[in-house]
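Report on the structure given below.
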2 protein chains.
Amino acid sequence: MRLAVIGVGLIGGSFALALKQAKAVSHVVGVGRSEQNLKLALERGIIDEMARDPAQATKDADLVLVAAPVAQFSSIFSSLRNSRAIITDAGSTKRDVIAAARNALGKDVSRFVPAHPIAGAEKSGAAAANAELFAGKRVVLTPLEENPQEAISTVRSAWQACGAKLSEMNAEEHDAVLAAVSHLPHLLAFALVHEVAGRKNSEQLFSFAAGGFRDFTRIASSHPEMWRDICAANKDRLLDEVSRFSRKLEQVKALLDDPASLEKLFAEARDARDRWIRSS
Amino acid sequence: MRLAVIGVGLIGGSFALALKQAKAVSHVVGVGRSEQNLKLALERGIIDEMARDPAQATKDADLVLVAAPVAQFSSIFSSLRNSRAIITDAGSTKRDVIAAARNALGKDVSRFVPAHPIAGAEKSGAAAANAELFAGKRVVLTPLEENPQEAISTVRSAWQACGAKLSEMNAEEHDAVLAAVSHLPHLLAFALVHEVAGRKNSEQLFSFAAGGFRDFTRIASSHPEMWRDICAANKDRLLDEVSRFSRKLEQVKALLDDPASLEKLFAEARDARDRWIRSS
């Protein structure tokens, strides 16, 4: 099996390494904008060959992973028109990616089985790639009506070979779920840090921030461009989540006058979180 | 030096262990409501003697640490009227603690030097105590006008012997700073978990929550009773912070229609956080 990875960063590089380690691929070509990053990927044995042109690189590929920033997906999908490969991706939102694929590939979209590996992405580049990144992590597939079973099986097998736990849902459900448990928390963390950083006494404030603040805001160190694209792609769902959260915050605010009910709400939240942590 | 610790939990127990390790105290009596916890503290060598009555236990003490839940502070301070000891505390809010001390101790409040060790408190009880808890952590003193220099020095020395980095500010400033970098994030984390837990599909939502959500919500596993008291004591400052945050969230929401400005805001937040992490 010949693999082409478009975007040899943390996700793309880890996918290639994991499949090599599982002996599921025999040859990997890496495509990217940064020659320096591709050279590093070659040196680290992540890829066997580097290329700048996706069309050329995917001509003989059996499987293609698109792991570039989502804003580039349209032009990448267009360049895959003449390939015969099964295609999967690693985008954090799915409705927009599927729309771009349909638009670029037409009925050939049947070769594209969308995926979202839910794995941390604070570090970036081929330097951060590792074969264990997806081990035990969730990968959500959002197959299309047009996908033949064989294409879905090929993509399932590849992600499973990476050690991932696979789930399936449709793109609408995926984007709604991720808005609640990923996109909203990122927005809140960025907002809190921006608020504190904009104060006259921000230096003093940061100097008394402790471990709780550090963990709460860890995701505010995420990639601004990537999160801009996620927010744009999932705007409607994210707005729903911001509204729900604002209503909850108003409720909590009102309970500052009702300590017993406030304690009950805190205890319910703690219990729910502790149950989740124990079960995960 | 004879030490009495009222409330031999994570904070009180760690204070006793650290001072014993530094050979700064010769004898420690522990006071608490739970006999089981006090017995464990005896077994672990955290205290040398256990007592139920604070007045009796602190009669011959040179230094008293009040590390009980803040709601008990009034009655504890009243029981310290006949002691001659220097008193410090570990309360997370300072204006309310000082008011309670003034009320209970009258002019003897001069013996009380308020302190707030900013050290994680997710675990609790004597079982969790350790001599290194305060090493390198900040402890804020909010001395009173009435405090003689000698009392301040005694309390400074004790916290320094625990390895803490000391700062001083007044109680108003302390409560405002902590509202921004500690109390508000706790409220937001409790609110988010409560919102997700209350949904019909909460099980599905939690099952797709990953490391970002786990870290963001870690502080929602904090002690509900303790956080009820903190919110009640610091209500005015906390309401200020909720309002500021809500305004910032509205601003971020509006930027969902302006991707370039949204990315700029994300980048500013990330840069501010990264600078803080590097400097801390």
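As shown in the structure tokens, the chain order sets the letters A, B, ...; within each chain, residues go from 1, and ligands are also counted from 1 in the order they appear.
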Contacts of segment 99-111 of chain A at 10 Å (only C-alpha atoms; same-chain gap of 3+ positions) as an mmCIF file with N, CA and C atoms, in the first residue's frame:
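Full text of selection09.cif as output:
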data_model
loop_
_atom_site.group_PDB
_atom_site.id
_atom_site.type_symbol
_atom_site.label_atom_id
_atom_site.label_comp_id
_atom_site.auth_asym_id
_atom_site.auth_seq_id
_atom_site.Cartn_x
_atom_site.Cartn_y
_atom_site.Cartn_z
ATOM 1 N N LEU A 63 -3.781 5.311 -0.881
ATOM 2 C CA LEU A 63 -4.481 6.022 0.195
ATOM 3 C C LEU A 63 -3.858 7.410 0.334
ATOM 4 N N VAL A 70 -7.398 23.517 7.009
ATOM 5 C CA VAL A 70 -8.669 23.324 6.311
ATOM 6 C C VAL A 70 -8.866 24.344 5.173
ATOM 7 N N ALA A 71 -8.313 25.541 5.340
ATOM 8 C CA ALA A 71 -8.462 26.570 4.309
ATOM 9 C C ALA A 71 -7.872 26.134 2.963
ATOM 10 N N GLN A 72 -6.948 25.167 2.989
ATOM 11 C CA GLN A 72 -6.330 24.692 1.738
ATOM 12 C C GLN A 72 -7.051 23.497 1.118
ATOM 13 N N PHE A 73 -8.096 23.006 1.799
ATOM 14 C CA PHE A 73 -8.710 21.750 1.357
ATOM 15 C C PHE A 73 -9.273 21.824 -0.061
ATOM 16 N N SER A 74 -9.898 22.937 -0.429
ATOM 17 C CA SER A 74 -10.522 23.043 -1.754
ATOM 18 C C SER A 74 -9.507 22.803 -2.859
ATOM 19 N N SER A 75 -8.376 23.506 -2.766
ATOM 20 C CA SER A 75 -7.403 23.356 -3.848
ATOM 21 C C SER A 75 -6.758 21.969 -3.786
ATOM 22 N N ILE A 76 -6.598 21.428 -2.591
ATOM 23 C CA ILE A 76 -6.033 20.076 -2.487
ATOM 24 C C ILE A 76 -6.974 19.047 -3.109
ATOM 25 N N PHE A 77 -8.269 19.142 -2.778
ATOM 26 C CA PHE A 77 -9.218 18.182 -3.358
ATOM 27 C C PHE A 77 -9.220 18.296 -4.893
ATOM 28 N N SER A 78 -9.138 19.519 -5.390
ATOM 29 C CA SER A 78 -9.116 19.698 -6.853
ATOM 30 C C SER A 78 -7.933 18.955 -7.468
ATOM 31 N N SER A 79 -6.812 18.994 -6.773
ATOM 32 C CA SER A 79 -5.614 18.347 -7.321
ATOM 33 C C SER A 79 -5.684 16.822 -7.240
ATOM 34 N N LEU A 80 -6.698 16.299 -6.552
ATOM 35 C CA LEU A 80 -6.820 14.840 -6.403
ATOM 36 C C LEU A 80 -7.788 14.230 -7.420
ATOM 37 N N ARG A 81 -8.289 15.077 -8.334
ATOM 38 C CA ARG A 81 -9.283 14.603 -9.306
ATOM 39 C C ARG A 81 -8.791 13.433 -10.145
ATOM 40 N N ASN A 82 -7.505 13.454 -10.501
ATOM 41 C CA ASN A 82 -6.999 12.410 -11.395
ATOM 42 C C ASN A 82 -6.369 11.239 -10.663
ATOM 43 N N SER A 83 -6.405 11.285 -9.355
ATOM 44 C CA SER A 83 -5.892 10.151 -8.592
ATOM 45 C C SER A 83 -6.990 9.091 -8.503
ATOM 46 N N ARG A 84 -6.572 7.856 -8.233
ATOM 47 C CA ARG A 84 -7.563 6.783 -8.025
ATOM 48 C C ARG A 84 -7.616 6.391 -6.544
ATOM 49 N N ALA A 85 -6.863 7.105 -5.721
ATOM 50 C CA ALA A 85 -6.702 6.714 -4.319
ATOM 51 C C ALA A 85 -7.975 6.916 -3.494
ATOM 52 N N ILE A 86 -8.090 6.105 -2.466
ATOM 53 C CA ILE A 86 -9.054 6.377 -1.405
ATOM 54 C C ILE A 86 -8.493 7.554 -0.602
ATOM 55 N N ILE A 87 -9.378 8.469 -0.204
ATOM 56 C CA ILE A 87 -8.934 9.693 0.477
ATOM 57 C C ILE A 87 -9.586 9.767 1.856
ATOM 58 N N THR A 88 -8.803 10.147 2.848
ATOM 59 C CA THR A 88 -9.394 10.504 4.141
ATOM 60 C C THR A 88 -8.769 11.824 4.582
ATOM 61 N N LYS A 94 -16.519 18.942 9.912
ATOM 62 C CA LYS A 94 -16.779 18.000 8.827
ATOM 63 C C LYS A 94 -17.717 18.533 7.762
ATOM 64 N N ARG A 95 -18.719 19.357 8.112
ATOM 65 C CA ARG A 95 -19.657 19.799 7.083
ATOM 66 C C ARG A 95 -18.955 20.602 5.990
ATOM 67 N N ASP A 96 -18.045 21.507 6.409
ATOM 68 C CA ASP A 96 -17.365 22.354 5.426
ATOM 69 C C ASP A 96 -16.393 21.555 4.573
ATOM 70 N N PRO A 114 -14.513 10.934 5.129
ATOM 71 C CA PRO A 114 -14.047 11.966 6.074
ATOM 72 C C PRO A 114 -13.779 11.383 7.467
ATOM 73 N N PRO A 143 -18.934 8.957 7.267
ATOM 74 C CA PRO A 143 -19.002 8.461 5.889
ATOM 75 C C PRO A 143 -20.112 9.143 5.103
ATOM 76 N N LEU A 144 -19.932 9.189 3.799
ATOM 77 C CA LEU A 144 -20.919 9.792 2.894
ATOM 78 C C LEU A 144 -21.826 8.698 2.344
ATOM 79 N N GLU A 145 -23.024 9.089 1.948
ATOM 80 C CA GLU A 145 -23.929 8.149 1.272
ATOM 81 C C GLU A 145 -23.268 7.511 0.063
ATOM 82 N N GLU A 146 -22.409 8.297 -0.600
ATOM 83 C CA GLU A 146 -21.795 7.826 -1.844
ATOM 84 C C GLU A 146 -20.674 6.822 -1.606
ATOM 85 N N ASN A 147 -20.159 6.716 -0.379
ATOM 86 C CA ASN A 147 -18.990 5.860 -0.151
ATOM 87 C C ASN A 147 -19.318 4.378 -0.330
ATOM 88 N N PRO A 148 -18.613 3.667 -1.213
ATOM 89 C CA PRO A 148 -18.773 2.216 -1.239
ATOM 90 C C PRO A 148 -18.188 1.620 0.046
ATOM 91 N N GLU A 150 -16.226 -0.693 0.547
ATOM 92 C CA GLU A 150 -14.795 -0.973 0.450
ATOM 93 C C GLU A 150 -13.949 0.239 0.841
ATOM 94 N N ALA A 151 -14.388 1.424 0.403
ATOM 95 C CA ALA A 151 -13.640 2.641 0.729
ATOM 96 C C ALA A 151 -13.683 2.884 2.248
ATOM 97 N N ILE A 152 -14.870 2.694 2.825
ATOM 98 C CA ILE A 152 -14.994 2.882 4.279
ATOM 99 C C ILE A 152 -14.094 1.890 5.011
#
Would you list, as an NGL selection string, the residues of segment 33-176 of chain B that end up in strand (DSSP E) under DSSP run on this structure's backbone? :B and (49-51 or 63-66 or 86-89 or 112-113 or 115-118 or 138-141 or 165-168)
Provide as a compact mmCIF listing (two decimals) with N, CA and C atoms, in the first residue's frame the residues of chain B at most 6 Å from chain A, counting only C-alpha atoms.
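Below is the file iface-v2.txt, written as the result:
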# COMPACT_ATOMS: atom_id res chain seq x y z
N VAL B 177 -7.76 40.53 42.67
CA VAL B 177 -6.84 39.74 41.82
C VAL B 177 -7.30 38.28 41.74
N VAL B 181 -8.28 35.67 38.41
CA VAL B 181 -7.45 34.55 37.93
C VAL B 181 -7.76 33.22 38.60
N PHE B 190 -17.20 25.12 36.38
CA PHE B 190 -18.40 24.50 36.95
C PHE B 190 -19.59 24.69 36.00
N VAL B 193 -19.36 22.40 32.76
CA VAL B 193 -19.64 20.98 33.03
C VAL B 193 -21.12 20.79 33.35
N HIS B 194 -21.69 21.73 34.12
CA HIS B 194 -23.10 21.61 34.47
C HIS B 194 -23.97 21.71 33.22
N LEU B 205 -21.83 13.44 24.59
CA LEU B 205 -20.94 14.61 24.61
C LEU B 205 -19.67 14.31 25.40
N ALA B 209 -15.40 14.14 24.50
CA ALA B 209 -14.55 15.16 25.11
C ALA B 209 -13.14 14.59 25.27
N ASP B 215 -8.58 19.19 30.83
CA ASP B 215 -7.78 20.20 31.53
C ASP B 215 -8.60 21.46 31.83
N PHE B 216 -9.40 21.87 30.86
CA PHE B 216 -10.23 23.08 31.03
C PHE B 216 -11.14 22.94 32.24
N ALA B 220 -13.33 22.10 37.95
CA ALA B 220 -14.72 21.79 38.29
C ALA B 220 -14.81 20.54 39.17
N SER B 221 -13.69 19.91 39.44
CA SER B 221 -13.66 18.81 40.42
C SER B 221 -13.30 19.32 41.81
N PRO B 224 -17.15 21.57 46.43
CA PRO B 224 -18.33 22.45 46.30
C PRO B 224 -18.56 23.37 47.50
N GLU B 225 -18.38 22.87 48.71
CA GLU B 225 -18.64 23.69 49.91
C GLU B 225 -17.63 24.83 50.01
N ARG B 228 -18.51 27.34 47.33
CA ARG B 228 -19.69 28.11 47.73
C ARG B 228 -19.27 29.26 48.64
N GLU B 263 -8.72 35.78 14.43
CA GLU B 263 -7.39 35.15 14.48
C GLU B 263 -6.41 36.03 15.25
N PHE B 266 -7.10 35.59 18.91
CA PHE B 266 -6.57 34.29 19.35
C PHE B 266 -5.04 34.37 19.50
N ALA B 267 -4.39 35.00 18.52
CA ALA B 267 -2.93 35.08 18.55
C ALA B 267 -2.46 35.92 19.74
N ALA B 269 -4.04 36.28 22.57
CA ALA B 269 -4.25 35.47 23.78
C ALA B 269 -3.15 34.42 23.91
N ARG B 270 -2.89 33.72 22.80
CA ARG B 270 -1.85 32.69 22.85
C ARG B 270 -0.50 33.29 23.24
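Atom pair atom CA of Ile98 of chain B / atom CA of Asn130 of chain B has a distance of 27.5 Å (rounded to one decimal).
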Atom pair atom CA of Val113 of chain B / atom CA of Ala41 of chain B: separation (Å): 25.3 Å
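Between atom CA of Gly163 of chain A and atom CA of Thr58 of chain A the interatomic distance comes to 24.7 Å.
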